[in-house]
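Asks: Input: one structure, supplied below.
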Amino acid sequence: MTTLTKIGLAAALAVSGLVAPVAQAAPAAPELSPGLVSAMRTAFGLTEQQALVRIDQEAKATRRAPSARTAAGSSFGGSWFDQDKGVLVVGVTDTAAAERVRATGAEARLVARTAAELDRVKDRVDALSAAGSVPAAVTSWHPDPRSGAVVVDVQPGVQTAEVARFLAQARAFGPIEVNTEGVTAPVPFAAGTVGGDPYYTGNVRCSIGFSVHGGYVTAGHCGGTGAQVYGWDRSWQGQFAGSSFPGNDYAWVRTGGGWWNVPVVLGWGTVPDALVRGSWEAPVGTSVCRSGSTTRWHCGVIQTRNETIHYAQGDVHQMAGTSVCAEGGDSGGSFITGDQAQGVTSGGYGNCSSGGRTWFQPINEILSVYGLRLLTA
């Protein structure tokens with residue numbers, strides 16, 4: 001996208017001057033971004049009517065999730081979107097909580113452990129990693145409310161004695177399940193300087209995430225605090241006002257030099273550009289699309305939340321895992337469900353020819369840490 005086009009978009013969208021805080025009232029009826037239906041049809045093999053139904057079901061589940069979690073109280077065992085039934089499912093550990101959850105319109109399911117119990121197990125595995133006790137063959141771990149365990153991803157064919165010792169230590173903390181299916185070591189998705197619609201820091205190319213008041217959010221591994229940033233045309237764009245990696249993988253760039261910030265995610269001609277209208281967190285099982293400067297627009301499903309990724313550079317916590325592909329240079333780019341911002345691209349494995357997985361850093365944490373306000377249409 002050229003600067004002239006960005007200015008035109010900014011002028012068109014700035015007429016109402018809409019800038020919204022992180023916490024927003026749920027829209028009465030979600031307005032679809034142009035091209036969303038066609039993107040859903042392509043990504044999931046749906047008819048137009050099936051895509052419309054799924055979009056509506058996911059929007060209802062996303063808006064229902066906060067009240068359902070509150071209703072579950074201390075019995076909350078996690079939640080997810082059931083793609084077959086098209087409903088939000090909330091795990092609970094007692095029948096009284098199940099009745100309260102059903103009263104919100106969500107489906108309740110009895111589970112063996114609360115989300116807090118699983119989080120405590122995951123936190124203790126995190127501590128093992130911080131102490132240097134995690135083998136390279138172990139790529140990530142996350143709480144799975146559906147199985148009532150913490151799932152540890154291990155690369156197939158490399159279950160060494162070192163891996164066995166780690167798993168024995170982890171199992172002493174609580175329920176552990178091992179997954180080897182489709183597991184490959186993830187790497188951050190940064191790249192060298194090539195053309196496209198990127199931003200540059202030195203010889204590193206990354207992608208813009210979401211516009212905020214005064215700049216945009218992106219991935220932390222793309223540049224440290226104070227690093228100078230240059231736009232697609234190599235003109236000065238701003239600098240990193242805050243950055244965290246590893247531990248987290250988020251940053252924000254304060255823009256200058258005449259660059260505009262608009263609530264738009266590029267569709268790259270695959271779909272029309274998407275407008276951003278909020279940042280409601282979509283449940284596991286919900287569809288999600290990603291925009292980046294290398295592979296452009298691709299879609300998939302949110303598979304995990306609160307996952308720890310074991311990069312060679314160090315662990316990154318509270319990530320969301322997806323079935324969406326990505327490649328070098330896509331780092332920092334947008335993950336969006338419907339018109340709701342979800343997060344910024346961190347890393348993964350595979351590519352967009354043969355497929356792969358990608359993780360994103362949830363956006364609401366970034367906004368909260370830096371006190372930023374998301375720009376919305």
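By convention in this document, the chains of the structure tokens carry letters A, B, ... by their order, each chain's residues are numbered from 1, and ligands are numbered from 1 in the order they are shown.
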Using only C-alpha atoms, which protein or nucleic acid residues come within 9 Å of stretch 197-206 of chain A? Drop anything in the same chain fewer than 3 positions from it, and give the result as an NGL selection string.
Replies: :A and (1-2 or 189-194 or 218-219 or 222-223 or 227-234 or 237 or 292-294 or 328-333)
Asks: Please provide the set of residues having any atom within 7 Å of stretch 300-313 of chain A, restricted to only C-alpha atoms, with same-chain residues fewer than 5 positions apart removed, written as a PyMOL selection string.
Replies: chain A and resi 43+139-142+186-187+246+284-289+318-324
Asks: Output all heavy atoms for every residue in the selection just made, as a short mmCIF file (atom, residue, chain, number, x, y, z; two decimals), in the first residue's frame.
Replies:
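Writing the result to result-v9.cif gives the following:
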data_model
loop_
_atom_site.label_atom_id
_atom_site.label_comp_id
_atom_site.auth_asym_id
_atom_site.auth_seq_id
_atom_site.Cartn_x
_atom_site.Cartn_y
_atom_site.Cartn_z
N ALA A 43 -11.14 -20.27 2.93
CA ALA A 43 -10.32 -20.90 3.97
C ALA A 43 -10.91 -22.20 4.48
O ALA A 43 -10.18 -23.14 4.80
CB ALA A 43 -10.12 -19.92 5.13
N THR A 139 8.75 -28.05 22.24
CA THR A 139 8.55 -26.78 21.53
C THR A 139 7.55 -25.85 22.19
O THR A 139 7.61 -24.64 21.99
CB THR A 139 8.08 -27.05 20.08
OG1 THR A 139 6.81 -27.69 20.11
CG2 THR A 139 9.08 -27.94 19.34
N SER A 140 6.60 -26.39 22.96
CA SER A 140 5.60 -25.52 23.59
C SER A 140 4.76 -26.34 24.57
O SER A 140 4.82 -27.58 24.58
CB SER A 140 4.67 -24.87 22.55
OG SER A 140 3.88 -25.85 21.90
N TRP A 141 3.98 -25.64 25.40
CA TRP A 141 3.04 -26.31 26.32
C TRP A 141 1.90 -25.35 26.63
O TRP A 141 2.09 -24.15 26.71
CB TRP A 141 3.74 -26.79 27.59
CG TRP A 141 4.61 -25.79 28.28
CD1 TRP A 141 4.28 -24.94 29.29
CD2 TRP A 141 6.00 -25.51 27.98
NE1 TRP A 141 5.36 -24.16 29.66
CE2 TRP A 141 6.42 -24.49 28.88
CE3 TRP A 141 6.92 -26.03 27.06
CZ2 TRP A 141 7.72 -23.98 28.85
CZ3 TRP A 141 8.21 -25.51 27.05
CH2 TRP A 141 8.60 -24.51 27.94
N HIS A 142 0.70 -25.92 26.82
CA HIS A 142 -0.47 -25.08 27.07
C HIS A 142 -1.53 -25.88 27.82
O HIS A 142 -1.62 -27.11 27.68
CB HIS A 142 -1.07 -24.57 25.76
CG HIS A 142 -1.67 -25.66 24.90
ND1 HIS A 142 -0.93 -26.43 24.03
CD2 HIS A 142 -2.95 -26.11 24.79
CE1 HIS A 142 -1.71 -27.30 23.43
NE2 HIS A 142 -2.94 -27.13 23.88
N PRO A 186 9.42 -24.07 16.43
CA PRO A 186 9.01 -22.75 15.93
C PRO A 186 10.18 -21.77 15.92
O PRO A 186 11.12 -21.90 16.70
CB PRO A 186 7.95 -22.31 16.93
CG PRO A 186 8.39 -22.95 18.22
CD PRO A 186 9.01 -24.27 17.83
N VAL A 187 10.11 -20.80 15.03
CA VAL A 187 11.10 -19.71 14.99
C VAL A 187 10.36 -18.41 14.82
O VAL A 187 9.27 -18.36 14.23
CB VAL A 187 12.10 -19.90 13.83
CG1 VAL A 187 12.93 -21.16 14.01
CG2 VAL A 187 11.38 -19.94 12.48
N PRO A 246 12.73 -11.97 24.78
CA PRO A 246 11.66 -12.95 24.99
C PRO A 246 10.90 -12.67 26.28
O PRO A 246 11.02 -11.59 26.84
CB PRO A 246 12.44 -14.27 25.06
CG PRO A 246 13.78 -13.87 25.62
CD PRO A 246 14.07 -12.50 25.07
N VAL A 284 -11.10 -20.32 21.70
CA VAL A 284 -10.47 -21.42 20.98
C VAL A 284 -11.51 -22.09 20.10
O VAL A 284 -12.66 -22.27 20.49
CB VAL A 284 -9.88 -22.43 21.98
CG1 VAL A 284 -9.49 -23.73 21.29
CG2 VAL A 284 -8.66 -21.84 22.68
N GLY A 285 -11.13 -22.44 18.88
CA GLY A 285 -12.05 -23.04 17.93
C GLY A 285 -12.63 -22.06 16.94
O GLY A 285 -13.25 -22.47 15.94
N THR A 286 -12.41 -20.77 17.18
CA THR A 286 -12.94 -19.72 16.32
C THR A 286 -12.01 -19.51 15.12
O THR A 286 -10.80 -19.65 15.23
CB THR A 286 -13.06 -18.40 17.10
OG1 THR A 286 -13.84 -18.63 18.26
CG2 THR A 286 -13.73 -17.32 16.26
N SER A 287 -12.58 -19.14 13.98
CA SER A 287 -11.77 -18.83 12.81
C SER A 287 -11.00 -17.53 13.02
O SER A 287 -11.41 -16.67 13.79
CB SER A 287 -12.66 -18.72 11.56
OG SER A 287 -13.61 -17.69 11.71
N VAL A 288 -9.87 -17.40 12.32
CA VAL A 288 -9.03 -16.22 12.44
C VAL A 288 -8.26 -16.06 11.13
O VAL A 288 -7.94 -17.05 10.46
CB VAL A 288 -8.07 -16.34 13.65
CG1 VAL A 288 -7.02 -17.40 13.41
CG2 VAL A 288 -7.42 -15.00 13.99
N CYS A 289 -7.99 -14.81 10.73
CA CYS A 289 -7.22 -14.55 9.52
C CYS A 289 -6.01 -13.69 9.87
O CYS A 289 -6.03 -12.92 10.83
CB CYS A 289 -8.07 -13.84 8.47
SG CYS A 289 -9.42 -14.88 7.82
N GLN A 318 1.90 -16.87 27.31
CA GLN A 318 0.52 -16.41 27.07
C GLN A 318 0.22 -16.18 25.59
O GLN A 318 -0.49 -15.26 25.22
CB GLN A 318 0.24 -15.13 27.87
CG GLN A 318 0.33 -15.36 29.38
CD GLN A 318 0.12 -14.10 30.18
OE1 GLN A 318 0.60 -13.02 29.81
NE2 GLN A 318 -0.59 -14.22 31.28
N MET A 319 0.74 -17.08 24.76
CA MET A 319 0.53 -16.98 23.33
C MET A 319 -0.73 -17.72 22.91
O MET A 319 -1.25 -18.58 23.64
CB MET A 319 1.73 -17.54 22.58
CG MET A 319 3.04 -16.86 22.94
SD MET A 319 3.12 -15.18 22.29
CE MET A 319 3.67 -15.55 20.65
N ALA A 320 -1.22 -17.42 21.71
CA ALA A 320 -2.34 -18.13 21.11
C ALA A 320 -1.83 -18.87 19.87
O ALA A 320 -1.18 -18.27 19.01
CB ALA A 320 -3.46 -17.16 20.72
N GLY A 321 -2.11 -20.18 19.80
CA GLY A 321 -1.67 -20.99 18.67
C GLY A 321 -2.76 -21.11 17.63
O GLY A 321 -3.95 -21.20 17.95
N THR A 322 -2.36 -21.13 16.35
CA THR A 322 -3.33 -21.19 15.25
C THR A 322 -2.87 -22.17 14.19
O THR A 322 -1.71 -22.58 14.15
CB THR A 322 -3.51 -19.81 14.58
OG1 THR A 322 -2.38 -19.55 13.72
CG2 THR A 322 -3.65 -18.71 15.60
N SER A 323 -3.80 -22.52 13.30
CA SER A 323 -3.47 -23.37 12.15
C SER A 323 -3.10 -22.55 10.93
O SER A 323 -2.95 -23.09 9.83
CB SER A 323 -4.68 -24.25 11.80
OG SER A 323 -5.79 -23.46 11.42
N VAL A 324 -2.92 -21.24 11.09
CA VAL A 324 -2.62 -20.34 9.97
C VAL A 324 -1.13 -20.42 9.63
O VAL A 324 -0.28 -20.44 10.51
CB VAL A 324 -3.00 -18.89 10.31
CG1 VAL A 324 -2.86 -18.00 9.09
CG2 VAL A 324 -4.43 -18.82 10.84
#
Asks: So, with only C-alpha atoms as the atoms that count, which of A:Pro175, A:Pro145, A:Gly314, A:Gly73 lies closest to A:His221?
Replies: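 Using only C-alpha atoms, the shortest distance to A:His221 belongs to A:Gly314.
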Asks: When distances are computed from only C-alpha atoms, which of A:Ala282, A:Leu110, A:Val121, A:Val90 shows the smallest separation from A:Glu58?
Replies: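 For A:Glu58, the nearest of the candidates is A:Ala282.
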Asks: For stretch 154-169 of chain A, please output as JSON, numbers by chain all residues within 12 Å (counting only C-alpha atoms; exclusion window: fewer than 5 positions along the same chain).
Replies: {"A": [121, 124, 125, 126, 127, 128, 129, 131, 132, 133, 134, 135, 136, 137, 138, 139, 140, 141, 174, 175, 176, 177, 178, 179, 180, 181, 182, 183, 184, 185, 186, 309, 310, 349]}
Asks: Extract, using only C-alpha atoms, all DNA, RNA and protein residues at most 12 Å from stretch 79-83 of chain A, discarding same-chain residues fewer than 6 positions from it, and format them as a VMD selection string.
Replies: chain A and resid 44 50 to 51 53 to 55 57 to 70 72 89 to 92 101 106 to 111 114 to 115 143 to 148 281 to 287 301 to 305
Asks: Please compute the atom CA of A:Tyr216-atom CA of A:Trp236 distance, one decimal, in Å.
Replies: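 Atom CA of A:Tyr216 sits 14.6 Å away from atom CA of A:Trp236.
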Asks: Could you tell me which of A:Arg41, A:Arg100, A:His213, A:Lys122 comes closest to A:Leu367 if we count only C-alpha atoms?
Replies: A:His213
Asks: Determine which residues of stretch 9-194 of chain A DSSP labels as strand (DSSP E) from the backbone of this structure, then write them out as a ChimeraX atom specification.
Replies: /A:76-82,87-92,107-110,138-144,149-154,176-179,187-188
Asks: Please determine, counting only C-alpha atoms, which residue among A:Cys299, A:Ala251, A:Ala103, A:Leu118 has the shortest atom-to-atom distance to A:Val151.
Replies: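 Smallest separation from A:Val151 among the options: A:Leu118.
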